[in-house]
Amino acid sequence: MKKGMLSALALAALVSGLLIGVSPSTAGTPAYKHYVACGLSRKATPAHVCPANSKKGAFFKSLKGEVKYTVCVKFPKAEHLCTENPQVAEKGTLYVNKITSTSVGRHEVTWFVKGKKVGTTVFRVK
């Protein structure tokens, strides 16, 4: 696994209105929010296209309780990288994993909780 392609940056921030992906829990209420943005701040807006030289982040928030999550990125040339260890996400806190790719093309970001896929977002780098 290449170091630095996917590094974890935890941003402790509450976010409202930045919803792209929502994973349902068994009770029908969303359990997680997840999205990709061209930027790393809590104010970064969800996006599906980012410039190659921009900062890119995979955002995750647990709505139901503390969980351990993993995030993976599939790059345009089929390379696939994941965070090395599951990361703790406290309920209600927004976390971002920096995506340092400058490869032009389609990227697929997938989030897992307890080994189960809870969401996928596709974005392009131009």
# chains A, B, ... in the order shown; residues from 1 in each chain; ligands from 1
>>> closest_atom_pairs(of="stretch 48-82 of chain A", to="stretch 120-126 of chain A", cutoff="10 Å", atoms="only C-alpha atoms", output="CSV")
residue,atom,partner,partner_atom,distance
A:His48,CA,A:Phe123,CA,4.3
A:Val49,CA,A:Arg124,CA,4.7
A:Cys50,CA,A:Val125,CA,4.9
A:Pro51,CA,A:Lys126,CA,5.0
A:Ala52,CA,A:Val125,CA,5.4
A:Asn53,CA,A:Lys126,CA,8.9
A:Ser54,CA,A:Val125,CA,9.1
A:Lys56,CA,A:Val125,CA,9.4
A:Ala58,CA,A:Thr121,CA,9.0
A:Val71,CA,A:Thr120,CA,9.6
A:Cys72,CA,A:Thr120,CA,9.4
A:Val73,CA,A:Val122,CA,9.5
A:Lys74,CA,A:Val122,CA,9.4
A:Phe75,CA,A:Arg124,CA,9.8
A:Pro76,CA,A:Arg124,CA,9.0
>>> closest_residue(among="A:Lys114, A:His34, A:Lys64, A:His80", to="A:Gly92", atoms="only C-alpha atoms")
A:Lys64
>>> select_by_dssp(residues="stretch 17-110 of chain A", states="strand (DSSP E or B)", output="number ranges by chain")
A: 21-24, 30-37, 46, 49-50, 56-62, 67-74, 80-82, 87-89, 91, 94-99, 105-110
>>> residues_around(residues="A:Val118", least_positions_apart="6", cutoff="8 Å", atoms="only C-alpha atoms", output="ChimeraX atom specification")
/A:23,32,110-112
>>> residues_around(residues="A:Val36", least_positions_apart="2", cutoff="6 Å", atoms="only C-alpha atoms", output="JSON, numbers by chain")
{"A": [46, 47, 57, 58, 59]}
>>> write_last_selection(atoms="all heavy atoms", output="PDB file, in the first residue's frame")
ATOM      1  N   PRO A  46     -20.348  19.265  -0.973  1.00  0.00           N
ATOM      2  CA  PRO A  46     -20.276  18.002  -1.706  1.00  0.00           C
ATOM      3  C   PRO A  46     -20.083  18.243  -3.202  1.00  0.00           C
ATOM      4  O   PRO A  46     -20.615  19.203  -3.754  1.00  0.00           O
ATOM      5  CB  PRO A  46     -21.630  17.359  -1.426  1.00  0.00           C
ATOM      6  CG  PRO A  46     -22.056  17.943  -0.116  1.00  0.00           C
ATOM      7  CD  PRO A  46     -21.564  19.366  -0.163  1.00  0.00           C
ATOM      8  N   ALA A  47     -19.301  17.365  -3.827  1.00  0.00           N
ATOM      9  CA  ALA A  47     -19.006  17.539  -5.250  1.00  0.00           C
ATOM     10  C   ALA A  47     -18.848  16.185  -5.930  1.00  0.00           C
ATOM     11  O   ALA A  47     -18.537  15.186  -5.284  1.00  0.00           O
ATOM     12  CB  ALA A  47     -17.730  18.352  -5.414  1.00  0.00           C
ATOM     13  N   GLY A  57     -11.547  15.491  -0.223  1.00  0.00           N
ATOM     14  CA  GLY A  57     -11.774  14.770   1.018  1.00  0.00           C
ATOM     15  C   GLY A  57     -12.979  13.859   0.959  1.00  0.00           C
ATOM     16  O   GLY A  57     -13.961  14.147   0.275  1.00  0.00           O
ATOM     17  N   ALA A  58     -12.878  12.741   1.695  1.00  0.00           N
ATOM     18  CA  ALA A  58     -13.982  11.797   1.867  1.00  0.00           C
ATOM     19  C   ALA A  58     -14.535  12.020   3.273  1.00  0.00           C
ATOM     20  O   ALA A  58     -13.849  11.732   4.255  1.00  0.00           O
ATOM     21  CB  ALA A  58     -13.485  10.370   1.688  1.00  0.00           C
ATOM     22  N   PHE A  59     -15.742  12.538   3.373  1.00  0.00           N
ATOM     23  CA  PHE A  59     -16.334  12.927   4.653  1.00  0.00           C
ATOM     24  C   PHE A  59     -17.254  11.832   5.184  1.00  0.00           C
ATOM     25  O   PHE A  59     -17.959  11.187   4.415  1.00  0.00           O
ATOM     26  CB  PHE A  59     -17.128  14.225   4.484  1.00  0.00           C
ATOM     27  CG  PHE A  59     -16.257  15.428   4.237  1.00  0.00           C
ATOM     28  CD1 PHE A  59     -15.707  15.666   2.985  1.00  0.00           C
ATOM     29  CD2 PHE A  59     -15.975  16.316   5.258  1.00  0.00           C
ATOM     30  CE1 PHE A  59     -14.898  16.763   2.748  1.00  0.00           C
ATOM     31  CE2 PHE A  59     -15.174  17.425   5.038  1.00  0.00           C
ATOM     32  CZ  PHE A  59     -14.635  17.642   3.778  1.00  0.00           C
TER      33      PHE A  59
END
>>> residues_around(residues="A:Gly65", least_positions_apart="5", cutoff="9 Å", atoms="only C-alpha atoms", output="ChimeraX atom specification")
/A:31,89-92
>>> atom_distance(atom1="atom CA of A:Val67", atom2="atom CA of A:Lys43")
23.2 Å
